[in-house]
Structures are given as C-alpha cells and as structure tokens.
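Undergrad: Coordinates in entry07.txt, compact mmCIF, C-alpha atoms and all ligand atoms, are listed below.
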```
# COMPACT_ATOMS: atom_id res chain seq x y z
CA MET A 4 136.15 -164.28 -90.45
CA ALA A 5 136.46 -167.92 -91.37
CA THR A 6 133.17 -168.83 -89.72
CA ALA A 7 131.33 -166.15 -91.58
CA VAL A 8 132.87 -167.33 -94.83
CA PHE A 9 131.75 -170.87 -94.17
CA HIS A 10 128.28 -169.84 -93.26
CA GLN A 11 128.16 -167.65 -96.29
CA ALA A 12 129.40 -170.56 -98.35
CA LEU A 13 126.60 -172.73 -97.07
CA GLY A 14 124.10 -169.93 -97.16
CA THR A 15 124.76 -169.01 -100.73
CA ALA A 16 124.60 -172.56 -101.99
CA GLN A 17 121.06 -171.90 -103.04
CA SER A 18 122.13 -168.89 -105.03
CA HIS A 19 125.03 -170.85 -106.46
CA GLN A 20 127.82 -168.41 -105.73
CA HIS A 21 129.99 -170.20 -103.19
CA LEU A 22 129.83 -173.69 -101.99
CA GLN A 23 131.46 -175.67 -99.33
CA ASN A 24 133.40 -178.49 -100.90
CA SER A 25 132.59 -180.82 -98.09
CA GLY A 26 133.37 -184.03 -99.84
CA SER A 27 135.88 -186.04 -101.62
CA HIS A 28 135.33 -188.16 -104.58
CA LEU A 29 133.87 -191.45 -105.23
CA GLU A 30 133.89 -194.95 -106.05
CA PHE A 31 131.93 -197.41 -107.85
CA GLY A 32 131.11 -200.74 -109.38
CA ASN A 33 128.24 -202.94 -110.49
CA ALA A 34 125.12 -201.14 -111.24
CA SER A 35 121.77 -201.85 -112.65
CA LEU A 36 119.68 -198.84 -113.35
CA LYS A 37 116.06 -199.65 -113.54
CA LEU A 38 113.98 -197.30 -115.54
CA ILE A 39 110.98 -199.30 -116.47
CA SER A 40 110.75 -197.92 -119.97
CA LYS A 41 114.43 -198.14 -120.72
CA GLY A 42 115.98 -200.70 -118.43
CA PHE A 43 119.60 -201.65 -118.72
CA LYS A 44 122.38 -203.02 -116.63
CA VAL A 45 126.00 -202.08 -116.33
CA ASP A 46 128.53 -204.40 -114.78
CA ILE A 47 132.13 -203.35 -114.64
CA GLY A 48 134.65 -205.29 -112.61
CA LEU A 49 137.55 -203.67 -110.85
CA SER A 50 140.21 -205.44 -108.87
CA ARG A 51 141.33 -203.51 -105.85
CA ARG A 52 144.95 -202.74 -105.43
CA GLY A 53 146.81 -203.94 -102.34
CA SER A 54 146.12 -201.93 -99.20
CA TYR A 55 148.60 -199.65 -97.55
CA SER A 56 150.20 -201.19 -94.57
CA SER A 57 151.97 -198.45 -92.67
CA TRP A 58 150.11 -196.05 -90.41
CA LYS A 59 152.00 -193.21 -92.07
CA LYS A 60 150.37 -194.00 -95.35
CA LYS A 61 147.01 -194.26 -93.68
CA PHE A 62 147.58 -190.92 -92.09
CA GLY A 63 148.50 -189.52 -95.49
CA LEU A 64 145.26 -190.81 -96.92
CA ILE A 65 143.24 -189.31 -94.13
CA GLN A 66 144.93 -186.01 -94.80
CA ALA A 67 144.28 -186.32 -98.50
CA LEU A 68 140.60 -187.00 -97.90
CA ALA A 69 140.36 -184.23 -95.37
CA SER A 70 141.95 -181.74 -97.72
CA GLN A 71 139.43 -182.62 -100.40
CA THR A 72 136.69 -181.73 -98.00
CA SER A 73 137.76 -178.30 -96.93
CA VAL A 74 137.98 -176.12 -99.97
CA VAL A 75 135.54 -173.30 -100.46
CA GLN A 76 135.35 -172.78 -104.18
CA PRO A 77 133.50 -170.19 -106.17
CA VAL A 78 130.90 -171.56 -108.53
CA SER A 79 129.69 -169.51 -111.43
CA TYR A 80 127.12 -170.44 -114.00
CA PRO A 81 126.60 -170.24 -116.84
CA PRO A 82 130.29 -170.47 -117.78
CA ASN A 83 131.38 -167.06 -118.93
CA ASN A 84 134.97 -167.52 -120.01
CA SER A 85 137.36 -170.09 -121.35
CA SER A 86 138.57 -171.36 -117.96
CA ASP A 87 134.95 -172.02 -116.98
CA GLU A 88 134.52 -173.89 -120.23
CA LEU A 89 137.67 -175.88 -119.51
CA ARG A 90 136.48 -176.78 -116.02
CA LYS A 91 133.14 -177.81 -117.43
CA LYS A 92 134.85 -180.18 -119.84
CA SER A 93 137.41 -181.60 -117.41
CA SER A 94 135.39 -181.91 -114.22
CA GLU A 95 133.61 -185.06 -113.25
CA ALA A 96 130.89 -185.51 -110.67
CA ALA A 97 128.41 -188.07 -109.41
CA LEU A 98 124.69 -187.37 -109.25
CA ILE A 99 122.46 -189.66 -107.18
CA LEU A 100 118.68 -189.44 -107.55
CA ILE A 101 116.40 -191.10 -104.99
CA ARG A 102 112.64 -191.15 -104.97
CA HIS A 103 111.44 -191.08 -101.36
CA GLY A 104 110.52 -194.34 -99.61
CA GLU A 105 106.91 -195.43 -99.27
CA SER A 106 104.73 -192.79 -97.56
CA LEU A 107 101.62 -193.35 -95.45
CA TRP A 108 99.52 -192.19 -98.39
CA ASN A 109 101.36 -194.41 -100.89
CA GLU A 110 100.38 -197.23 -98.56
CA LYS A 111 96.74 -196.11 -98.53
CA ASN A 112 96.76 -195.55 -102.32
CA LEU A 113 95.82 -191.86 -101.98
CA PHE A 114 96.79 -189.04 -104.37
CA THR A 115 99.44 -187.17 -102.40
CA GLY A 116 100.99 -184.39 -104.50
CA CYS A 117 102.09 -181.52 -102.25
CA VAL A 118 100.45 -182.85 -99.07
CA ASP A 119 103.26 -183.32 -96.57
CA VAL A 120 102.96 -186.97 -95.49
CA PRO A 121 105.73 -188.92 -93.68
CA LEU A 122 107.20 -192.33 -94.49
CA THR A 123 105.79 -195.66 -93.37
CA LYS A 124 108.00 -198.14 -91.53
CA LYS A 125 108.54 -199.82 -94.90
CA GLY A 126 109.51 -196.42 -96.33
CA VAL A 127 112.04 -195.95 -93.54
CA GLU A 128 113.52 -199.36 -94.33
CA GLU A 129 113.64 -198.56 -98.06
CA ALA A 130 115.53 -195.33 -97.32
CA ILE A 131 118.05 -197.19 -95.16
CA GLU A 132 118.48 -199.81 -97.86
CA ALA A 133 119.02 -197.06 -100.45
CA GLY A 134 121.66 -195.58 -98.15
CA LYS A 135 123.52 -198.89 -98.03
CA ARG A 136 123.62 -199.01 -101.80
CA ILE A 137 125.28 -195.64 -102.05
CA SER A 138 127.36 -195.82 -98.89
CA ASN A 139 130.66 -195.68 -100.79
CA ILE A 140 129.70 -192.94 -103.22
CA PRO A 141 130.83 -189.42 -102.36
CA VAL A 142 128.18 -186.86 -101.50
CA ASP A 143 129.17 -183.20 -101.17
CA MET A 144 125.74 -181.57 -101.40
CA ILE A 145 122.21 -182.81 -100.83
CA TYR A 146 119.08 -181.31 -102.37
CA THR A 147 115.63 -182.36 -101.22
CA SER A 148 112.13 -181.09 -101.79
CA ALA A 149 110.42 -179.15 -99.04
CA LEU A 150 108.40 -182.24 -98.13
CA ILE A 151 109.17 -184.46 -95.13
CA ARG A 152 109.06 -187.78 -97.03
CA ALA A 153 111.97 -186.69 -99.24
CA GLN A 154 113.87 -185.17 -96.32
CA MET A 155 113.41 -188.29 -94.17
CA THR A 156 114.66 -190.39 -97.08
CA ALA A 157 117.80 -188.28 -97.53
CA MET A 158 118.62 -188.26 -93.83
CA LEU A 159 117.97 -191.97 -93.30
CA ALA A 160 120.03 -192.85 -96.37
CA MET A 161 122.94 -190.80 -95.06
CA THR A 162 122.96 -192.68 -91.75
CA GLN A 163 124.41 -195.57 -93.77
CA HIS A 164 127.18 -193.62 -95.47
CA ARG A 165 130.67 -194.81 -94.63
CA ARG A 166 132.16 -191.33 -94.66
CA LYS A 167 129.95 -190.45 -91.66
CA LYS A 168 129.56 -186.80 -92.50
CA VAL A 169 126.62 -185.05 -90.91
CA PRO A 170 123.91 -183.75 -93.25
CA ILE A 171 122.85 -180.28 -92.08
CA ILE A 172 119.76 -178.51 -93.38
CA LEU A 173 120.45 -174.93 -94.44
CA HIS A 174 117.95 -172.41 -93.14
CA ASN A 175 117.91 -169.37 -95.36
CA GLU A 176 114.30 -168.37 -94.87
CA ASN A 177 115.26 -165.15 -93.09
CA GLU A 178 118.23 -163.35 -91.57
CA GLN A 179 117.60 -164.72 -88.09
CA ALA A 180 117.40 -168.30 -89.35
CA ARG A 181 120.77 -167.82 -91.06
CA GLU A 182 122.26 -166.14 -88.02
CA TRP A 183 121.00 -168.69 -85.51
CA SER A 184 122.15 -171.74 -87.46
CA GLN A 185 125.80 -170.77 -87.73
CA ILE A 186 128.54 -173.27 -86.95
CA PHE A 187 131.60 -172.04 -85.14
CA SER A 188 134.08 -174.85 -85.74
CA GLU A 189 135.93 -175.26 -89.01
CA ASP A 190 136.53 -178.95 -88.29
CA THR A 191 132.85 -179.54 -87.65
CA LYS A 192 132.00 -177.77 -90.88
CA LYS A 193 134.37 -180.02 -92.79
CA GLN A 194 132.50 -183.02 -91.43
CA SER A 195 129.15 -181.66 -92.62
CA ILE A 196 127.15 -181.95 -95.82
CA PRO A 197 124.93 -178.95 -96.68
CA VAL A 198 121.33 -179.93 -97.34
CA VAL A 199 119.31 -177.50 -99.47
CA THR A 200 115.53 -177.84 -99.40
CA ALA A 201 113.59 -176.48 -102.36
CA SER A 202 109.85 -176.51 -103.05
CA GLN A 203 110.67 -176.54 -106.77
CA LEU A 204 111.61 -180.21 -106.28
CA ASN A 205 108.23 -181.02 -104.68
CA GLU A 206 105.88 -183.61 -106.09
CA ARG A 207 103.54 -182.31 -108.79
CA MET A 208 100.58 -180.54 -107.23
CA TYR A 209 97.68 -182.93 -107.72
CA GLY A 210 94.92 -180.31 -107.38
CA GLU A 211 91.51 -181.57 -106.36
CA LEU A 212 92.69 -185.17 -106.46
CA GLN A 213 94.88 -184.72 -103.36
CA GLY A 214 93.63 -187.00 -100.57
CA LEU A 215 91.34 -189.02 -102.89
CA ASN A 216 91.76 -192.76 -103.21
CA LYS A 217 93.25 -193.66 -106.60
CA GLN A 218 91.08 -196.73 -107.10
CA GLU A 219 87.86 -194.98 -106.02
CA THR A 220 88.67 -192.06 -108.31
CA ALA A 221 89.14 -194.46 -111.24
CA ASP A 222 85.81 -196.13 -110.40
CA ARG A 223 84.10 -192.74 -110.31
CA PHE A 224 85.65 -190.93 -113.29
CA GLY A 225 86.71 -193.92 -115.37
CA LYS A 226 90.07 -195.66 -115.66
CA GLU A 227 91.05 -193.82 -118.86
CA LYS A 228 90.34 -190.37 -117.45
CA VAL A 229 92.34 -191.06 -114.30
CA HIS A 230 95.18 -192.58 -116.34
CA GLU A 231 95.19 -189.40 -118.45
CA TRP A 232 95.42 -187.24 -115.29
CA ARG A 233 98.18 -189.40 -113.86
CA ARG A 234 100.32 -190.19 -116.88
CA SER A 235 99.71 -187.74 -119.72
CA TYR A 236 102.39 -185.13 -120.26
CA ASP A 237 100.43 -181.95 -120.65
CA ILE A 238 96.94 -182.61 -119.28
CA PRO A 239 96.66 -181.39 -115.67
CA PRO A 240 94.34 -182.98 -113.09
CA PRO A 241 91.55 -180.59 -111.96
CA ASN A 242 93.27 -177.44 -110.65
CA GLY A 243 96.60 -179.24 -110.41
CA GLU A 244 99.88 -179.43 -112.33
CA SER A 245 100.51 -181.49 -115.44
CA LEU A 246 103.86 -183.28 -115.66
CA GLU A 247 104.89 -180.55 -118.09
CA MET A 248 104.17 -177.84 -115.50
CA CYS A 249 106.02 -179.80 -112.82
CA ALA A 250 108.97 -180.26 -115.20
CA GLU A 251 109.10 -176.54 -115.92
CA ARG A 252 109.89 -175.64 -112.31
CA ALA A 253 111.86 -178.78 -111.34
CA VAL A 254 114.15 -178.69 -114.39
CA ALA A 255 114.62 -174.92 -114.13
CA TYR A 256 115.73 -175.42 -110.52
CA PHE A 257 118.05 -178.26 -111.53
CA LYS A 258 119.65 -176.17 -114.28
CA ASP A 259 119.97 -173.01 -112.19
CA HIS A 260 121.07 -174.46 -108.86
CA ILE A 261 122.19 -178.08 -109.06
CA GLU A 262 123.93 -178.36 -112.43
CA PRO A 263 126.41 -175.58 -111.56
CA GLN A 264 127.48 -177.54 -108.47
CA LEU A 265 128.01 -180.66 -110.57
CA LEU A 266 129.91 -178.71 -113.18
CA SER A 267 132.22 -177.44 -110.47
CA GLY A 268 132.97 -181.04 -109.45
CA LYS A 269 130.62 -181.42 -106.47
CA ASN A 270 128.94 -184.79 -105.99
CA VAL A 271 125.24 -184.28 -105.44
CA MET A 272 122.37 -186.36 -104.10
CA ILE A 273 118.76 -185.37 -104.81
CA ALA A 274 115.94 -186.89 -102.76
CA ALA A 275 112.62 -186.00 -104.34
CA HIS A 276 109.44 -187.44 -105.86
CA GLY A 277 108.08 -189.59 -108.65
CA ASN A 278 107.11 -186.72 -110.91
CA SER A 279 109.79 -184.14 -110.08
CA LEU A 280 112.43 -186.83 -110.66
CA ARG A 281 110.78 -188.06 -113.87
CA SER A 282 111.03 -184.45 -115.05
CA ILE A 283 114.72 -184.24 -114.20
CA ILE A 284 115.44 -187.63 -115.80
CA MET A 285 113.63 -186.44 -118.91
CA TYR A 286 116.16 -183.59 -119.06
CA LEU A 287 119.21 -185.74 -118.21
CA ASP A 288 118.36 -188.53 -120.64
CA LYS A 289 116.82 -186.25 -123.26
CA LEU A 290 113.58 -188.22 -123.23
CA THR A 291 110.66 -187.15 -125.37
CA SER A 292 107.30 -186.38 -123.75
CA GLN A 293 106.15 -189.73 -125.13
CA GLU A 294 109.04 -191.57 -123.48
CA VAL A 295 108.72 -189.87 -120.10
CA ILE A 296 105.09 -190.87 -119.67
CA ASN A 297 106.18 -194.52 -119.70
CA LEU A 298 108.87 -193.95 -117.10
CA GLU A 299 108.00 -195.25 -113.63
CA LEU A 300 110.28 -194.87 -110.62
CA SER A 301 110.18 -197.22 -107.66
CA THR A 302 110.29 -195.81 -104.14
CA GLY A 303 113.66 -195.82 -102.43
CA ILE A 304 115.79 -196.92 -105.38
CA PRO A 305 118.92 -194.79 -105.92
CA MET A 306 119.95 -194.02 -109.49
CA LEU A 307 123.42 -192.85 -110.40
CA TYR A 308 124.57 -190.49 -113.14
CA ILE A 309 128.09 -189.34 -113.86
CA LEU A 310 128.64 -185.89 -115.30
CA LYS A 311 131.69 -186.10 -117.52
CA GLY A 312 132.82 -183.83 -120.32
CA GLY A 313 129.68 -181.77 -119.82
CA LYS A 314 127.45 -184.81 -120.47
CA PHE A 315 125.29 -186.84 -118.10
CA ILE A 316 125.93 -190.57 -118.31
CA ARG A 317 123.38 -192.86 -116.70
CA ARG A 318 125.16 -195.55 -114.70
CA GLY A 319 122.28 -197.46 -113.21
CA SER A 320 121.25 -198.26 -109.69
CA PRO A 321 124.03 -199.42 -107.38
CA PRO A 322 122.89 -202.89 -106.28
CA GLY A 323 124.77 -202.89 -103.01
CA PRO A 324 127.79 -201.44 -101.26
CA THR A 325 130.00 -204.50 -101.51
CA GLU A 326 129.96 -205.45 -105.18
CA ALA A 327 133.44 -204.66 -106.46
CA GLY A 328 132.19 -203.58 -109.85
CA VAL A 329 130.09 -200.80 -108.32
CA TYR A 330 133.21 -198.77 -107.80
CA ALA A 331 134.58 -198.97 -111.29
CA TYR A 332 132.47 -196.43 -113.12
CA THR A 333 135.17 -193.84 -113.12
CA ARG A 334 138.74 -193.65 -111.91
CA SER A 335 137.95 -191.04 -109.28
CA LEU A 336 135.11 -193.13 -107.86
CA ALA A 337 137.35 -196.16 -107.61
CA LEU A 338 140.02 -194.04 -105.94
CA TYR A 339 137.54 -192.63 -103.46
CA ARG A 340 136.40 -196.11 -102.52
CA GLN A 341 139.96 -197.26 -102.09
CA LYS A 342 140.84 -194.31 -99.88
CA LEU A 343 137.73 -194.89 -97.82
CA ASP A 344 138.62 -198.55 -97.36
CA ASP A 345 142.14 -197.68 -96.29
CA MET A 346 141.01 -194.91 -94.01
CA LEU A 347 138.34 -196.96 -92.29
CA ARG A 348 140.26 -200.19 -92.06
O1 LIG B 401 100.07 -189.39 -105.46
C1 LIG B 401 101.08 -188.83 -105.89
O2 LIG B 401 101.52 -187.76 -105.46
C2 LIG B 401 101.89 -189.48 -107.02
C3 LIG B 401 103.08 -190.21 -106.51
O3 LIG B 401 102.78 -191.13 -105.52
O4 LIG B 401 101.04 -190.35 -107.70
P1 LIG B 401 101.21 -190.83 -109.21
O5 LIG B 401 101.60 -192.25 -109.15
O6 LIG B 401 99.85 -190.64 -109.81
O7 LIG B 401 102.21 -189.96 -109.90
```
Produce structure tokens that represent the structure in this file.
TA:
Amino acid sequence: MATAVFHQALGTAQSHQHLQNSGSHLEFGNASLKLISKGFKVDIGLSRRGSYSSWKKKFGLIQALASQTSVVQPVSYPPNNSSDELRKKSSEAALILIRHGESLWNEKNLFTGCVDVPLTKKGVEEAIEAGKRISNIPVDMIYTSALIRAQMTAMLAMTQHRRKKVPIILHNENEQAREWSQIFSEDTKKQSIPVVTASQLNERMYGELQGLNKQETADRFGKEKVHEWRRSYDIPPPNGESLEMCAERAVAYFKDHIEPQLLSGKNVMIAAHGNSLRSIIMYLDKLTSQEVINLELSTGIPMLYILKGGKFIRRGSPPGPTEAGVYAYTRSLALYRQKLDDMLR
C-alpha cells in the first residue's frame, strides 16, 4: 500500500534503507563562511535568465519540481557495487549546518551540555534569520539533536523557506508511535520534509559542570583549568565528555546515517550544537585536533557544504536570500532557485 510504503520510507530514514525524496534541488550565490579559525569568503555572481512568461511553462515547472519531490529511492551504504560508486561520484547534494540560536542558559552563561533548555527571544530571532539566509536552498531531510533548542531552531528556520514544505518529526521510538503518526495522503507526504532526531547529535555532555556559571567556575578552578575543560580535544570535564568523545558518536552518526542520504543526492540540513557540529566540521574539513580546538561557531549562523564527486566542499555562510551570487555555487542550485522564482512568481 502506497501509504505504508511512504511511512516505511520515512520510518526507515534513520536506518538508511529507504528515504522519501521530498525535495528538489537548489540554488545559490554569495556566501561567506565564517569559521573563526579558518575564515574565508566566496562570492560568485550569476545572472538570472529571463523568466518564463506563459502559464503553460509555469505549470511545466511546477510539475518538474513536484516530480522531483515524489520519488522514493533506495539508499544503500557503504557503496557495494560499481553503480553505487558511479552514483557517489556523479551525485551532488547540499548540506546545511546550523548551530542552535541563543538558549536561556547561553544568555545566563551557564554550562549547558545535555540539559534541555529552550531558546531565548533572541535565539528565536536568530533561527528565523538563519531561515531567511537559506530560504532558497533545497532541503529534503532534516536532522536535529534530541534537544529542544536545536529542534526549535530547525523548525523556526523552515518557517522562512520559500518552498513551504512542512517539516515533520519522525517518531520511531516504538511501534505505536510509528503507527499513530502515519500520513494517509500522498500529496501531503510530498509536501513534507522528514525530520530525524538523534541524541548522537546532542551537545557534549558537560558532566558536573552542567548548570554552573562559566565565569564563577573559572574564578573557582582557575581560568586555565576551565579553558582546558572547554577547549582541549581529549581532556573531559569532571564526569563529562571530551570533544574527542563527542566527536566519536556525532561523526559515527553522520557517517552511518547522514552521509548516505547526501551520497544519494538528498539535500540535508543539520541543526545541532557547538561541539557536535565542531566534531562534524572536523570530519568534513579534515581538521586536526589542534585546528578544531580553535574553531568557534556562532549561534544561528547557517554554513553550507556541497558534496560533489564524493568530496565535501565548504561554501560559506549564505549572507541572505536575495544576493544573486548565493545561487551560483552549482548549476543545480542555480536551477532550483530559478524554478522556485518562476513557480512562486
Ligand atoms: O555550555 C555548553 O553546553 C557549551 C555550548 O554553549 O559551552 P562551550 O562554549 O563551553 O562549548
């Protein structure tokens, strides 16, 4: 039954067997990625071609976009034959990383780790702003941590997306949760984006520092000690996780669950945390443990990567939805943007 297939497609996203291809492709332009240790800026201009005038053409575009959003494709990983290898080399996908907006404990300067704290008003605004920056970039799948600040960020960002698909959290915790969250309309499913939540993407567990004020802790234990707990690679805070331990689970999750979706051509957004994202960036950019400890991520700033020819290419942080250059990173992104413009005109 088609419904069962769809639900299965959504439901197995976490086990990377089948996936709903709920999206089309993307666009792009000016970008300035801001990694504090390795900042750089990419500006690529792209002149838009003339728009289609007839409604027939518009209708054709809508159909083309719709058809890109309805395919249920098998995803296997690691590639086990030559056609998988070929797909890996030829497919292209966008990966957006967003650290959550400011949380109530960021505001109070408290160690947060795995404590589940929501966003402040400023954090909500940051998430909306992040959404505007990526509003023309295709998103087929969303991954967030299990923590509300990352989930709020993903959902608020998607309220700004021009494609207006509905992000829907998958509930796979038990059979009943799967059963009771089924969708019985194929059209509705095509207008949805599966959202997978995973505790492996959580912030590093800060052990006995969780809930303590960062400044007071530095005053008590010394600035150097606290800096070592916060920014060394392999020294954990008391009874907590080091960055290395956090990277072990976050990168394993990325490789096992997210990379296969990208390799199959899905465009993915990840909303997560300072340290789980630093871990993933360390993997994507092949940073050394020395380099990653100098990497700081701002709250609510989206960062874009393109997976092409099996390689991740860092494209910076889209500065805004309107800069023409933002849509010129790849041909398929530019095409997506153009189709979106024509469709929504
Ligand atoms: O408190 C935390 O959970 C993290 C992120 O806010 O702090 P740090 O800056 O030490 O990584």
Undergrad: Enclose the full set of atoms of ligand LIG 401 (chain B) listed in the file within a box whose edges lie along x, y and z, apply 6 Å of padding to each of the six sides, and report centre and edge lengths in Å to one decimal as JSON.
TA:
```
{"center_x": 101.5, "center_y": -190.0, "center_z": -107.7, "size_x": 15.2, "size_y": 16.5, "size_z": 16.4}
```
Undergrad: Looking at A:Gln154, A:Ser235, A:Asn109, A:Asn216, which one is nearest to ligand LIG 401 (chain B), with distances taken over all atoms listed in the file?
TA: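 Of A:Gln154, A:Ser235, A:Asn109, A:Asn216, the one nearest ligand LIG 401 (chain B), counting all atoms listed in the file, is A:Asn109.
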Undergrad: How would you report the residues lying within 9 Å of ligand LIG 401 (chain B), as a PyMOL selection string, if you count all atoms listed in the file?
TA: chain A and resi 105-106+108-109+112-118+206-209+212-214+217+229-230+232-234+246+276-278+299+302
Undergrad: Return the single residue from A:Glu247, A:Glu110, A:Ser282, A:Ile140 that is closest to Tyr308 in chain A, with distances computed using all atoms listed in the file.
TA: A:Ile140
Undergrad: Given only C-alpha atoms as the basis, pick out the residue of A:Arg136, A:Leu122, A:Ala97, A:Leu204 nearest to Ala275 in chain A.
TA: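 With only C-alpha atoms as the atom set, the closest residue is A:Leu204.
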Undergrad: When you count only C-alpha atoms, which of these residues is closest to Arg317 in chain A: A:Arg334, A:Lys289, A:Arg252, A:His260?
TA: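 Under the stated criterion, the closest residue is A:Lys289.
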